[in-house]
>>> print(open('target_32.cif').read())   # mmCIF, C-alpha atoms
data_entry
#
loop_
_atom_site.group_PDB
_atom_site.id
_atom_site.type_symbol
_atom_site.label_atom_id
_atom_site.label_comp_id
_atom_site.auth_asym_id
_atom_site.auth_seq_id
_atom_site.Cartn_x
_atom_site.Cartn_y
_atom_site.Cartn_z
ATOM 1 C CA MET A 29 0.000 0.000 0.000
ATOM 2 C CA PRO A 30 1.453 3.425 -0.927
ATOM 3 C CA LEU A 31 2.258 5.908 1.789
ATOM 4 C CA VAL A 32 -0.236 8.779 1.898
ATOM 5 C CA VAL A 33 0.586 11.708 4.123
ATOM 6 C CA PRO A 34 -2.210 14.297 4.345
ATOM 7 C CA GLY A 35 -1.005 17.755 3.401
ATOM 8 C CA VAL A 36 2.087 16.421 1.664
ATOM 9 C CA THR A 37 0.976 13.926 -0.955
ATOM 10 C CA THR A 38 -2.327 15.537 -1.893
ATOM 11 C CA ASN A 39 -1.405 19.239 -1.924
ATOM 12 C CA SER A 40 1.510 18.780 -4.280
ATOM 13 C CA SER A 41 -0.636 17.160 -6.951
ATOM 14 C CA ASN A 42 -3.285 19.889 -6.551
ATOM 15 C CA LYS A 43 -0.668 22.618 -6.973
ATOM 16 C CA THR A 44 0.741 20.833 -10.012
ATOM 17 C CA GLU A 45 -2.703 20.538 -11.573
ATOM 18 C CA GLU A 46 -3.331 24.266 -11.020
ATOM 19 C CA TRP A 47 -0.074 25.150 -12.784
ATOM 20 C CA GLN A 48 -0.819 22.718 -15.611
ATOM 21 C CA ASN A 49 -4.117 24.507 -16.227
ATOM 22 C CA LYS A 50 -2.346 27.892 -16.275
ATOM 23 C CA LEU A 51 0.674 26.980 -18.411
ATOM 24 C CA ILE A 52 0.229 24.050 -20.807
ATOM 25 C CA GLY A 53 0.175 25.218 -24.418
ATOM 26 C CA LYS A 54 1.397 28.747 -23.601
ATOM 27 C CA LYS A 55 4.758 30.365 -24.265
ATOM 28 C CA LEU A 56 6.685 32.067 -21.480
ATOM 29 C CA SER A 57 7.344 35.786 -21.738
ATOM 30 C CA ASP A 58 9.424 38.235 -19.735
ATOM 31 C CA THR A 59 6.662 40.853 -19.732
ATOM 32 C CA GLU A 60 3.420 39.749 -21.416
ATOM 33 C CA HIS A 61 0.502 37.835 -19.948
ATOM 34 C CA ASN A 62 -2.468 36.928 -22.165
ATOM 35 C CA GLU A 63 -4.280 33.881 -23.565
ATOM 36 C CA VAL A 64 -1.173 32.566 -25.388
ATOM 37 C CA MET A 65 1.640 33.983 -23.206
ATOM 38 C CA PHE A 66 2.440 33.613 -19.492
ATOM 39 C CA CYS A 67 4.692 36.130 -17.718
ATOM 40 C CA LYS A 68 7.676 34.472 -16.018
ATOM 41 C CA LYS A 69 7.394 36.950 -13.139
ATOM 42 C CA GLU A 70 4.158 35.211 -12.096
ATOM 43 C CA LEU A 71 5.824 31.808 -11.673
ATOM 44 C CA PRO A 72 6.565 30.724 -8.100
ATOM 45 C CA ALA A 73 9.898 31.813 -6.633
ATOM 46 C CA GLU A 74 11.170 28.236 -6.761
ATOM 47 C CA HIS A 75 10.923 27.212 -10.399
ATOM 48 C CA ARG A 76 13.064 26.190 -13.329
ATOM 49 C CA VAL A 77 12.320 26.243 -17.017
ATOM 50 C CA ILE A 78 13.613 23.152 -18.828
ATOM 51 C CA SER A 79 14.210 23.242 -22.582
ATOM 52 C CA PRO A 80 14.309 20.077 -24.718
ATOM 53 C CA GLY A 81 17.620 18.273 -24.230
ATOM 54 C CA GLN A 82 18.699 20.541 -21.378
ATOM 55 C CA MET A 83 20.628 18.833 -18.593
ATOM 56 C CA VAL A 84 19.192 19.294 -15.101
ATOM 57 C CA THR A 85 20.141 18.166 -11.626
ATOM 58 C CA ARG A 86 18.244 15.198 -10.199
ATOM 59 C CA ASP A 87 17.842 16.634 -6.719
ATOM 60 C CA PHE A 88 14.287 16.638 -5.386
ATOM 61 C CA ASN A 89 12.684 19.819 -4.099
ATOM 62 C CA GLU A 90 8.958 19.335 -3.481
ATOM 63 C CA ASN A 91 8.305 23.091 -3.712
ATOM 64 C CA ARG A 92 10.108 23.647 -7.022
ATOM 65 C CA LEU A 93 7.955 23.889 -10.131
ATOM 66 C CA ASN A 94 9.627 22.359 -13.193
ATOM 67 C CA VAL A 95 8.270 23.845 -16.418
ATOM 68 C CA HIS A 96 9.095 21.688 -19.465
ATOM 69 C CA LEU A 97 9.099 23.302 -22.901
ATOM 70 C CA LYS A 98 8.606 21.845 -26.381
ATOM 71 C CA GLU A 99 10.903 22.682 -29.314
ATOM 72 C CA ASP A 100 8.623 25.588 -30.307
ATOM 73 C CA GLY A 101 8.854 27.115 -26.800
ATOM 74 C CA THR A 102 5.367 26.186 -25.597
ATOM 75 C CA VAL A 103 4.900 24.477 -22.234
ATOM 76 C CA SER A 104 4.427 20.733 -22.654
ATOM 77 C CA HIS A 105 4.032 19.770 -19.001
ATOM 78 C CA VAL A 106 4.878 20.799 -15.441
ATOM 79 C CA GLN A 107 5.781 18.887 -12.309
ATOM 80 C CA HIS A 108 6.883 19.609 -8.768
ATOM 81 C CA GLY A 109 10.136 18.161 -7.565
#
>>> encode(input="target_32.cif", output="structure tokens")
Amino acid sequence: MPLVVPGVTTNSSNKTEEWQNKLIGKKLSDTEHNEVMFCKKELPAEHRVISPGQMVTRDFNENRLNVHLKEDGTVSHVQHG
């Protein structure tokens, strides 16, 4: 049986789902925020943007939002960790 810790296991997936709804299919911008662009300044303080093929550390940080981009610069998926 998997370990379920209230407030730890469930909140992370809810936060991830919220960010997925905000970001997937949009491009990141330094200044603009509209239906096709999302301003980087509105991302959480702990985040990293990951381009295709980019090397990243494998350390786990449950509060860090990882934003994965496609080749065309749109967000393909997000995850916490």
>>> atom_distance(input="target_32.cif", atom1="atom CA of A:Trp47", atom2="atom CA of A:His105")
9.2 Å
>>> resolve_selection(input="target_32.cif", expression="the PyMOL selection byres ((chain A and resi 56) around 10)", output="ChimeraX atom specification")
/A:51,53-55,57-61,64-69,71,77,95,97,101-103
>>> closest_residue(input="target_32.cif", among="A:Lys50, A:Gln107, A:Asn89, A:Asn94", to="A:Arg76", atoms="all atoms listed in the file")
A:Asn94
>>> atom_distance(input="target_32.cif", atom1="atom CA of A:Ala73", atom2="atom CA of A:Lys98")
22.2 Å
>>> atom_distance(input="target_32.cif", atom1="atom CA of A:Glu63", atom2="atom CA of A:Val106")
17.9 Å
>>> residues_around(input="target_32.cif", residues="stretch 82-88 of chain A", least_positions_apart="2", cutoff="6 Å", atoms="all atoms listed in the file", output="ChimeraX atom specification")
/A:79-80,109
>>> resolve_selection(input="target_32.cif", expression="the PyMOL selection byres ((chain A and resi 74) around 7)", output="PyMOL selection string")
chain A and resi 72-73+75+91-93
>>> closest_residue(input="target_32.cif", among="A:Glu46, A:Ser41, A:Asn62, A:Gly81", to="A:Glu99", atoms="all atoms listed in the file")
A:Gly81
